[in-house]
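Structure file model_20.txt (compact mmCIF, C-alpha atoms and all ligand atoms) is printed below.
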```txt
# COMPACT_ATOMS: atom_id res chain seq x y z
CA MET A 1 77.23 103.86 133.35
CA VAL A 2 80.01 101.29 132.91
CA ASP A 3 79.28 98.82 130.11
CA MET A 4 80.71 95.49 131.32
CA SER A 5 80.23 93.74 127.98
CA ARG A 6 82.18 96.47 126.15
CA GLU A 7 84.98 96.27 128.71
CA GLN A 8 85.16 92.49 128.37
CA ARG A 9 85.16 92.77 124.57
CA LYS A 10 88.19 95.08 124.64
CA LEU A 11 90.10 92.62 126.81
CA ASP A 12 89.04 89.63 124.68
CA HIS A 13 90.28 91.37 121.53
CA ILE A 14 93.74 91.78 123.03
CA ARG A 15 93.80 88.23 124.37
CA TYR A 16 92.71 86.59 121.10
CA ALA A 17 94.82 88.86 118.88
CA LEU A 18 97.86 87.57 120.80
CA GLU A 19 96.65 83.98 120.86
CA LEU A 20 95.83 83.80 117.13
CA GLY A 21 98.64 85.91 115.68
CA ASP A 22 98.65 86.78 111.97
CA GLY A 23 96.94 85.07 109.04
CA PRO A 24 95.87 82.61 107.72
CA LEU A 25 96.16 84.82 104.62
CA THR A 26 99.53 86.47 103.97
CA ASN A 27 99.93 90.20 103.34
CA GLY A 28 100.92 89.50 99.71
CA LEU A 29 104.24 91.32 99.97
CA GLU A 30 106.13 88.04 99.62
CA ASN A 31 105.25 88.41 95.93
CA VAL A 32 106.77 91.90 95.68
CA HIS A 33 110.53 92.01 95.10
CA PHE A 34 113.13 94.76 95.03
CA LEU A 35 116.15 94.70 92.75
CA HIS A 36 119.44 95.07 94.56
CA ASN A 37 121.37 98.20 93.58
CA CYS A 38 125.12 97.53 93.82
CA LEU A 39 125.91 101.19 93.02
CA PRO A 40 123.67 103.17 95.36
CA GLU A 41 125.87 106.32 95.41
CA LEU A 42 124.35 107.27 98.78
CA ALA A 43 125.50 107.44 102.39
CA PRO A 44 123.16 106.76 105.34
CA ALA A 45 123.12 110.47 106.20
CA ASP A 46 121.57 111.21 102.78
CA ILE A 47 118.49 109.10 103.43
CA ASP A 48 115.38 111.15 104.15
CA ILE A 49 112.42 109.20 105.54
CA THR A 50 110.20 112.16 106.43
CA THR A 51 106.64 112.02 105.13
CA THR A 52 103.38 113.93 105.11
CA LEU A 53 100.08 112.42 106.09
CA SER A 54 97.03 114.55 105.22
CA GLY A 55 99.21 117.64 105.50
CA ILE A 56 100.69 116.50 108.85
CA LYS A 57 104.47 116.19 108.81
CA LEU A 58 106.01 113.03 110.30
CA SER A 59 109.73 112.54 110.91
CA VAL A 60 109.33 108.79 110.33
CA PRO A 61 106.71 107.11 108.11
CA PHE A 62 105.29 104.97 110.91
CA LEU A 63 102.10 104.83 112.91
CA VAL A 64 101.29 102.69 115.97
CA ASN A 65 97.82 101.90 114.70
CA ALA A 66 94.51 101.76 116.56
CA ILE A 67 94.36 99.10 119.27
CA THR A 68 92.51 99.87 122.45
CA GLY A 69 90.88 102.12 125.04
CA GLY A 70 87.48 102.29 126.70
CA THR A 71 88.18 100.48 129.95
CA ASP A 72 90.43 101.37 132.88
CA ASN A 73 92.14 98.00 132.46
CA VAL A 74 93.86 99.14 129.28
CA THR A 75 95.04 102.58 130.40
CA GLU A 76 98.49 101.18 131.15
CA ILE A 77 98.66 99.46 127.74
CA ASN A 78 97.82 102.75 126.04
CA ARG A 79 100.51 104.52 128.05
CA LYS A 80 103.06 101.96 126.82
CA LEU A 81 101.85 102.20 123.22
CA ALA A 82 102.30 105.98 123.42
CA GLN A 83 105.78 105.57 124.94
CA THR A 84 106.67 103.24 122.07
CA ALA A 85 105.48 105.68 119.41
CA ALA A 86 107.23 108.57 121.21
CA ALA A 87 110.59 106.77 121.29
CA ALA A 88 110.56 106.62 117.50
CA GLY A 89 108.75 109.86 116.70
CA ALA A 90 105.96 107.79 115.13
CA ALA A 91 102.30 108.77 115.05
CA ILE A 92 99.79 106.86 117.18
CA ALA A 93 96.08 106.09 116.85
CA VAL A 94 93.89 105.06 119.78
CA GLY A 95 91.30 102.28 119.66
CA SER A 96 87.63 103.03 119.02
CA GLN A 97 86.26 105.85 121.19
CA TYR A 98 82.70 105.18 120.06
CA GLY A 99 81.59 103.47 123.29
CA ALA A 100 83.29 106.12 125.42
CA VAL A 101 81.60 109.07 123.72
CA LYS A 102 78.23 107.26 123.69
CA THR A 103 78.34 106.60 127.44
CA GLN A 104 80.60 109.53 128.43
CA THR A 105 82.78 107.10 130.38
CA ASN A 106 86.35 105.84 130.38
CA TYR A 107 87.95 108.90 128.80
CA ARG A 108 91.01 108.33 130.97
CA SER A 109 92.11 105.25 129.01
CA PHE A 110 92.34 107.46 125.89
CA GLU A 111 93.54 110.72 127.42
CA ILE A 112 96.63 108.94 128.72
CA VAL A 113 97.92 108.77 125.12
CA ARG A 114 98.03 112.56 124.67
CA GLU A 115 99.30 113.01 128.24
CA THR A 116 102.19 110.59 127.58
CA TYR A 117 103.03 111.96 124.13
CA PRO A 118 102.12 115.67 124.29
CA GLU A 119 104.10 116.61 121.18
CA GLY A 120 102.98 113.54 119.22
CA VAL A 121 100.83 113.16 116.16
CA VAL A 122 97.78 111.44 117.67
CA PHE A 123 94.75 110.10 115.81
CA ALA A 124 91.26 109.70 117.25
CA ASN A 125 89.21 106.66 116.17
CA ILE A 126 85.46 106.31 115.75
CA SER A 127 82.82 104.10 114.16
CA ALA A 128 81.27 105.07 110.82
CA LEU A 129 77.97 105.09 112.76
CA ALA A 130 79.00 107.99 115.02
CA THR A 131 77.19 111.30 114.80
CA PRO A 132 79.29 114.27 113.66
CA ALA A 133 79.14 115.68 117.22
CA GLU A 134 80.39 112.38 118.69
CA ALA A 135 83.22 112.31 116.15
CA GLN A 136 84.28 115.82 117.18
CA GLN A 137 84.13 114.78 120.86
CA ALA A 138 86.53 111.93 120.08
CA VAL A 139 88.91 114.43 118.47
CA ASP A 140 88.62 116.89 121.36
CA MET A 141 89.27 114.16 123.95
CA LEU A 142 92.82 113.82 122.61
CA SER A 143 93.41 117.17 120.91
CA ALA A 144 93.82 114.77 118.00
CA ASN A 145 95.66 115.76 114.82
CA ALA A 146 93.36 113.61 112.65
CA LEU A 147 90.38 111.26 112.96
CA GLN A 148 90.23 107.65 111.82
CA ILE A 149 86.82 106.27 110.82
CA HIS A 150 87.02 102.48 110.92
CA LEU A 151 85.21 100.07 108.60
CA ASN A 152 84.82 96.43 109.68
CA PRO A 153 81.78 94.74 108.06
CA ALA A 154 83.29 91.23 108.10
CA GLN A 155 84.01 91.49 111.84
CA GLU A 156 80.47 92.70 112.52
CA LEU A 157 78.95 89.78 110.61
CA VAL A 158 80.78 87.22 112.74
CA MET A 159 79.53 88.81 115.99
CA PRO A 160 76.03 87.69 117.00
CA GLU A 161 75.39 91.20 118.38
CA GLY A 162 77.19 92.86 115.43
CA ASP A 163 75.69 95.22 112.84
CA ARG A 164 73.93 93.66 109.87
CA ASP A 165 72.74 96.72 107.98
CA PHE A 166 75.50 98.77 106.37
CA LYS A 167 73.23 101.08 104.38
CA GLY A 168 73.71 104.81 104.83
CA LEU A 169 77.28 104.63 106.13
CA LEU A 170 78.72 106.67 103.26
CA ALA A 171 76.27 109.51 103.82
CA ASN A 172 77.01 109.49 107.55
CA MET A 173 80.76 109.46 106.98
CA ARG A 174 80.38 112.45 104.68
CA ARG A 175 78.54 114.33 107.44
CA ILE A 176 81.41 113.53 109.81
CA LEU A 177 83.96 114.72 107.22
CA GLU A 178 82.13 118.02 106.79
CA HIS A 179 81.76 118.60 110.53
CA VAL A 180 85.05 117.71 112.19
CA SER A 181 87.94 120.14 112.59
CA VAL A 182 90.76 117.78 111.54
CA PRO A 183 91.66 115.58 108.53
CA VAL A 184 89.75 112.28 108.29
CA ILE A 185 91.34 108.90 107.54
CA VAL A 186 89.06 106.10 106.33
CA LYS A 187 90.46 102.85 107.64
CA GLU A 188 89.77 99.14 107.20
CA THR A 189 90.74 96.86 110.06
CA GLY A 190 92.23 93.85 108.29
CA CYS A 191 90.07 92.97 105.26
CA GLY A 192 91.52 95.51 102.82
CA MET A 193 90.12 98.00 100.31
CA ALA A 194 89.63 97.81 96.55
CA ALA A 195 89.71 100.60 93.96
CA GLU A 196 85.91 100.67 93.64
CA GLN A 197 85.39 101.73 97.27
CA ILE A 198 88.28 104.19 97.28
CA ARG A 199 86.89 105.84 94.15
CA ARG A 200 83.50 106.27 95.84
CA LEU A 201 85.18 107.78 98.88
CA LEU A 202 87.30 110.10 96.74
CA ALA A 203 84.16 111.29 94.97
CA LEU A 204 82.69 112.24 98.37
CA GLY A 205 85.76 114.28 99.29
CA PHE A 206 87.79 111.81 101.37
CA THR A 207 91.51 112.01 100.69
CA CYS A 208 93.20 109.70 103.19
CA PHE A 209 92.90 105.90 103.26
CA ASP A 210 94.43 103.27 105.53
CA VAL A 211 93.98 100.11 103.47
CA GLY A 212 94.06 97.77 106.51
CA GLY A 213 94.70 94.72 104.36
CA ALA A 214 94.42 91.03 105.20
CA GLY A 215 97.52 89.16 106.33
CA GLY A 216 97.95 90.41 109.88
CA THR A 217 95.56 90.67 112.81
CA ASN A 218 92.38 88.90 111.77
CA PHE A 219 89.18 90.22 113.37
CA PRO A 220 86.77 87.74 111.77
CA ALA A 221 88.96 85.00 113.33
CA ILE A 222 89.11 86.81 116.69
CA GLU A 223 85.31 87.15 116.80
CA ALA A 224 84.86 83.50 115.75
CA LYS A 225 87.00 82.54 118.72
CA ARG A 226 84.88 84.70 121.03
CA PHE A 227 81.63 83.25 119.66
CA ALA A 228 82.51 79.66 118.80
CA ALA A 229 78.80 78.80 118.78
CA THR A 230 77.99 80.99 115.75
CA GLY A 231 79.96 78.78 113.37
CA THR A 232 80.52 81.73 110.97
CA ASP A 233 83.97 81.38 109.44
CA LEU A 234 85.34 84.37 107.57
CA ALA A 235 88.95 83.87 108.67
CA GLY A 236 90.11 83.51 105.06
CA TRP A 237 88.18 86.54 103.81
CA GLY A 238 89.69 89.81 102.69
CA LEU A 239 91.99 91.53 100.21
CA ALA A 240 95.61 91.35 101.32
CA THR A 241 97.71 94.43 102.01
CA ALA A 242 99.84 94.33 98.83
CA PRO A 243 96.92 94.19 96.36
CA SER A 244 94.98 96.74 98.46
CA LEU A 245 97.91 99.15 98.19
CA ILE A 246 98.19 98.67 94.44
CA GLU A 247 94.47 99.40 94.07
CA ALA A 248 94.77 102.51 96.26
CA ALA A 249 97.82 103.82 94.40
CA ALA A 250 96.01 103.34 91.07
CA VAL A 251 93.15 105.68 92.01
CA CYS A 252 94.71 108.17 94.46
CA GLY A 253 96.23 111.43 93.26
CA LYS A 254 99.42 113.00 94.51
CA ASN A 255 97.59 115.06 97.14
CA ASP A 256 95.81 112.03 98.59
CA THR A 257 97.31 109.97 101.41
CA ILE A 258 97.69 106.21 101.63
CA VAL A 259 98.53 104.39 104.84
CA ALA A 260 99.67 100.77 104.53
CA SER A 261 98.65 98.37 107.28
CA GLY A 262 97.80 94.74 107.83
CA GLY A 263 100.54 92.31 108.77
CA LEU A 264 103.50 94.67 108.30
CA ARG A 265 106.07 93.39 110.74
CA ASP A 266 109.58 94.35 109.64
CA GLY A 267 111.70 96.80 107.70
CA LEU A 268 111.49 94.84 104.46
CA ALA A 269 107.68 94.66 104.47
CA SER A 270 107.56 98.36 105.39
CA ALA A 271 109.94 99.28 102.55
CA LYS A 272 107.87 97.26 100.05
CA ALA A 273 104.63 98.91 101.23
CA LEU A 274 106.19 102.37 100.87
CA ALA A 275 107.57 101.41 97.45
CA LEU A 276 104.04 100.41 96.38
CA GLY A 277 102.91 103.98 97.08
CA ALA A 278 102.10 104.23 100.78
CA ASP A 279 102.89 107.48 102.60
CA ALA A 280 103.19 105.72 105.96
CA VAL A 281 103.08 102.27 107.53
CA GLY A 282 100.74 101.32 110.40
CA MET A 283 101.40 98.44 112.76
CA SER A 284 99.26 97.06 115.58
CA GLY A 285 99.53 93.33 116.34
CA ASN A 286 103.34 93.13 116.55
CA ILE A 287 103.70 96.24 118.74
CA LEU A 288 100.95 95.01 121.06
CA ARG A 289 102.65 91.62 121.33
CA CYS A 290 106.02 93.16 122.23
CA ILE A 291 104.43 95.30 124.93
CA MET A 292 102.41 92.47 126.46
CA GLU A 293 105.06 89.75 126.25
CA ASP A 294 108.40 91.57 126.51
CA GLY A 295 107.70 95.06 127.82
CA VAL A 296 107.79 98.61 126.55
CA GLU A 297 111.59 98.85 126.15
CA VAL A 298 111.59 95.86 123.79
CA ALA A 299 108.68 97.36 121.84
CA GLN A 300 110.58 100.65 121.50
CA GLN A 301 113.69 98.78 120.36
CA GLU A 302 111.65 96.76 117.85
CA LEU A 303 110.17 99.86 116.24
CA LEU A 304 113.56 101.59 116.11
CA GLU A 305 115.11 98.51 114.45
CA ILE A 306 112.35 98.45 111.83
CA ILE A 307 113.12 102.10 111.06
CA THR A 308 116.87 101.41 110.85
CA ASP A 309 116.20 98.52 108.47
CA LEU A 310 114.00 100.72 106.30
CA ARG A 311 116.88 103.21 105.99
CA LEU A 312 119.30 100.41 105.01
CA LEU A 313 116.91 99.05 102.41
CA MET A 314 116.44 102.52 100.95
CA LEU A 315 120.21 102.75 100.63
CA LEU A 316 120.37 99.31 98.98
CA THR A 317 117.76 100.34 96.42
CA GLY A 318 119.45 103.70 95.79
CA SER A 319 116.42 105.58 97.16
CA ARG A 320 117.28 108.93 98.74
CA ASP A 321 113.70 109.59 99.90
CA LEU A 322 110.25 108.01 99.85
CA LYS A 323 109.45 109.54 96.47
CA ALA A 324 112.52 107.83 95.00
CA LEU A 325 111.56 104.55 96.70
CA ARG A 326 108.30 104.62 94.72
CA LYS A 327 110.32 104.66 91.53
CA THR A 328 112.87 102.00 92.40
CA PRO A 329 112.36 98.89 90.23
CA LEU A 330 110.15 96.11 91.59
CA TYR A 331 108.90 92.87 90.16
CA PHE A 332 105.85 90.79 91.01
CA THR A 333 105.38 87.04 91.22
CA GLY A 334 102.79 84.38 92.05
CA ALA A 335 99.22 85.12 93.01
CA LEU A 336 99.88 88.88 93.13
CA ARG A 337 100.89 88.86 89.47
CA GLU A 338 97.64 87.03 88.64
CA PHE A 339 95.77 89.69 90.60
CA LEU A 340 97.49 92.50 88.66
CA LEU A 341 96.59 90.93 85.33
CA CYS A 342 92.94 90.25 86.25
CA ARG A 343 92.44 93.76 87.62
CA GLY A 344 94.03 95.55 84.68
CA HIS A 345 97.21 96.71 86.44
CA ASP A 346 100.18 96.50 84.06
CA PRO A 347 103.00 94.65 85.91
CA ILE A 348 105.64 96.13 83.60
CA ARG A 349 104.49 99.70 84.14
CA LEU A 350 104.15 99.07 87.89
CA SER A 351 107.66 97.68 87.90
CA ALA A 352 108.94 101.18 87.10
CA VAL A 353 106.60 103.46 89.04
CA ARG A 354 103.58 102.88 91.27
CA ARG A 355 102.17 106.28 92.05
CA ASN A 356 102.11 109.84 90.76
C1 LIG B 401 93.57 94.18 120.00
C2 LIG B 401 93.27 95.03 118.80
C3 LIG B 401 92.21 95.93 118.86
C4 LIG B 401 91.91 96.74 117.77
N1 LIG B 401 90.91 97.68 117.88
C5 LIG B 401 90.70 98.57 116.86
C6 LIG B 401 89.79 99.64 117.00
O1 LIG B 401 89.18 99.84 118.05
N2 LIG B 401 89.61 100.48 115.94
C7 LIG B 401 90.29 100.30 114.75
O2 LIG B 401 90.14 101.09 113.83
N3 LIG B 401 91.16 99.27 114.61
C8 LIG B 401 91.38 98.42 115.63
N4 LIG B 401 92.29 97.41 115.47
C9 LIG B 401 92.83 97.13 114.12
C10 LIG B 401 94.20 97.72 113.84
O3 LIG B 401 94.21 99.12 113.93
C11 LIG B 401 94.70 97.30 112.45
O4 LIG B 401 93.86 97.85 111.46
C12 LIG B 401 94.70 95.79 112.27
O5 LIG B 401 95.07 95.17 113.48
C13 LIG B 401 95.67 95.35 111.18
O6 LIG B 401 96.98 95.72 111.50
P1 LIG B 401 98.06 94.66 112.09
O7 LIG B 401 98.02 93.48 111.21
O8 LIG B 401 99.35 95.40 112.13
O9 LIG B 401 97.60 94.29 113.49
C14 LIG B 401 92.66 96.63 116.58
C15 LIG B 401 93.74 95.73 116.53
C16 LIG B 401 94.06 94.95 117.62
C17 LIG B 401 95.23 94.03 117.55
```
structure tokens encoding of this file:
Amino acid sequence: MVDMSREQRKLDHIRYALELGDGPLTNGLENVHFLHNCLPELAPADIDITTTLSGIKLSVPFLVNAITGGTDNVTEINRKLAQTAAAAGAAIAVGSQYGAVKTQTNYRSFEIVRETYPEGVVFANISALATPAEAQQAVDMLSANALQIHLNPAQELVMPEGDRDFKGLLANMRRILEHVSVPVIVKETGCGMAAEQIRRLLALGFTCFDVGGAGGTNFPAIEAKRFAATGTDLAGWGLATAPSLIEAAAVCGKNDTIVASGGLRDGLASAKALALGADAVGMSGNILRCIMEDGVEVAQQELLEIITDLRLLMLLTGSRDLKALRKTPLYFTGALREFLLCRGHDPIRLSAVRRN
């Protein structure tokens, strides 16, 4: 059975994500600053940007994050997203497969990603409401290397048909974690994560978190645009990416994995996110925009330029690898500094090192 409302929703999300762009909140990284190192004692060939994400090795610390799938109309978009990730050696996540596994339809729009990028690191994506068997089906559909479970309560609350009852999600997610054959990434979709939730997830055995902070694509705003009549306005809600990362780094151990996402659009923002403790950077809205407005070659070029800029910035901070980047000096200003003080993060200690 083809679900017309689901298909329309997928297309509306793309349309309104492009129409609305990022914000109104910022990702908070404008309040994070590097110190220039005029004596880097490094050459570009020395810079190592390889990373490990839940035990999976990546040659570049980038991920084309979850966007779409679930209707034939987006198969071509997913092919182009996979071509973009492949050009850079980045990982790629597909959009939610929940509807597809529920109705056993539209697998093609997802399978195209693995077909286009056979050697790639590909992530499946499912709702926290999925059964363990459905989650494994999503993984099998793509021979996925890991599974993202997405959390989006603010988005749901703006949708008239959205979920209202979020009780029992943790227990269900734990069942998924115990059942599936690949590492699990818990992911927000643009409203961020705080230390309290990450601690609860760590206690249940989760080890990989994509903070999905505010400052980029804004799903409460997208849904408000789709349902103007509801009048619910949560467009300014959420914890931005920079404070979310600081919270994650404060509670994660060295064997846990942090993905930074939410409004990361260039090499400088990526370098700052990695310096705050992220193991990789996820990007959705900007890559989607390039593909839809300028074509796949421009999207590939854009991602490659971001990676080149990251390498240059690592050189300019004297950071040979991502571990060194986490120890390069930073300082914090404005609202982010207020946040650090209120939440008990010591800005002077964080200036020297952010993560074990
Ligand atoms: C059109 C569109 C659809 C999305 N659909 C999903 C989805 O199905 N599942 C999911 O986990 N995240 C989804 N996201 C959220 C992104 O993966 C990401 O968390 C969010 O957009 C913030 O990153 P950004 O600011 O780089 O866009 C979607 C994003 C966009 C732009």
If the box runs along x, y and z of the file and leaves 8 Å on each side of ligand LIG 401 (chain B), what are its centre and edge lengths in Å, one decimal, as JSON?
```
{"center_x": 94.3, "center_y": 97.3, "center_z": 115.6, "size_x": 26.2, "size_y": 23.6, "size_z": 24.8}
```
Cut-off 8 Å, all atoms listed in the file, neighbours of ligand LIG 401 (chain B) as a ChimeraX atom specification: /A:10-18,22,65-69,93-97,125-127,148-151,187-190,212-219,261-265,282-288
Nearest-residue call for A:Ser244, choices A:Ala280, A:Leu170, A:Cys191, A:Leu20, using all atoms listed in the file: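 Among A:Ala280, A:Leu170, A:Cys191, A:Leu20, it is A:Cys191 that comes nearest to A:Ser244.
Minimum atom-to-atom distance to A:Pro40, evaluated using only C-alpha atoms, belongs to A:Met314 out of A:Leu25, A:Ala335, A:Met314, A:Leu350.
Among the candidates A:Ser270, A:Thr257, A:Gln137, A:Thr116, the one nearest to A:Ala242 when counting all atoms listed in the file is A:Ser270.
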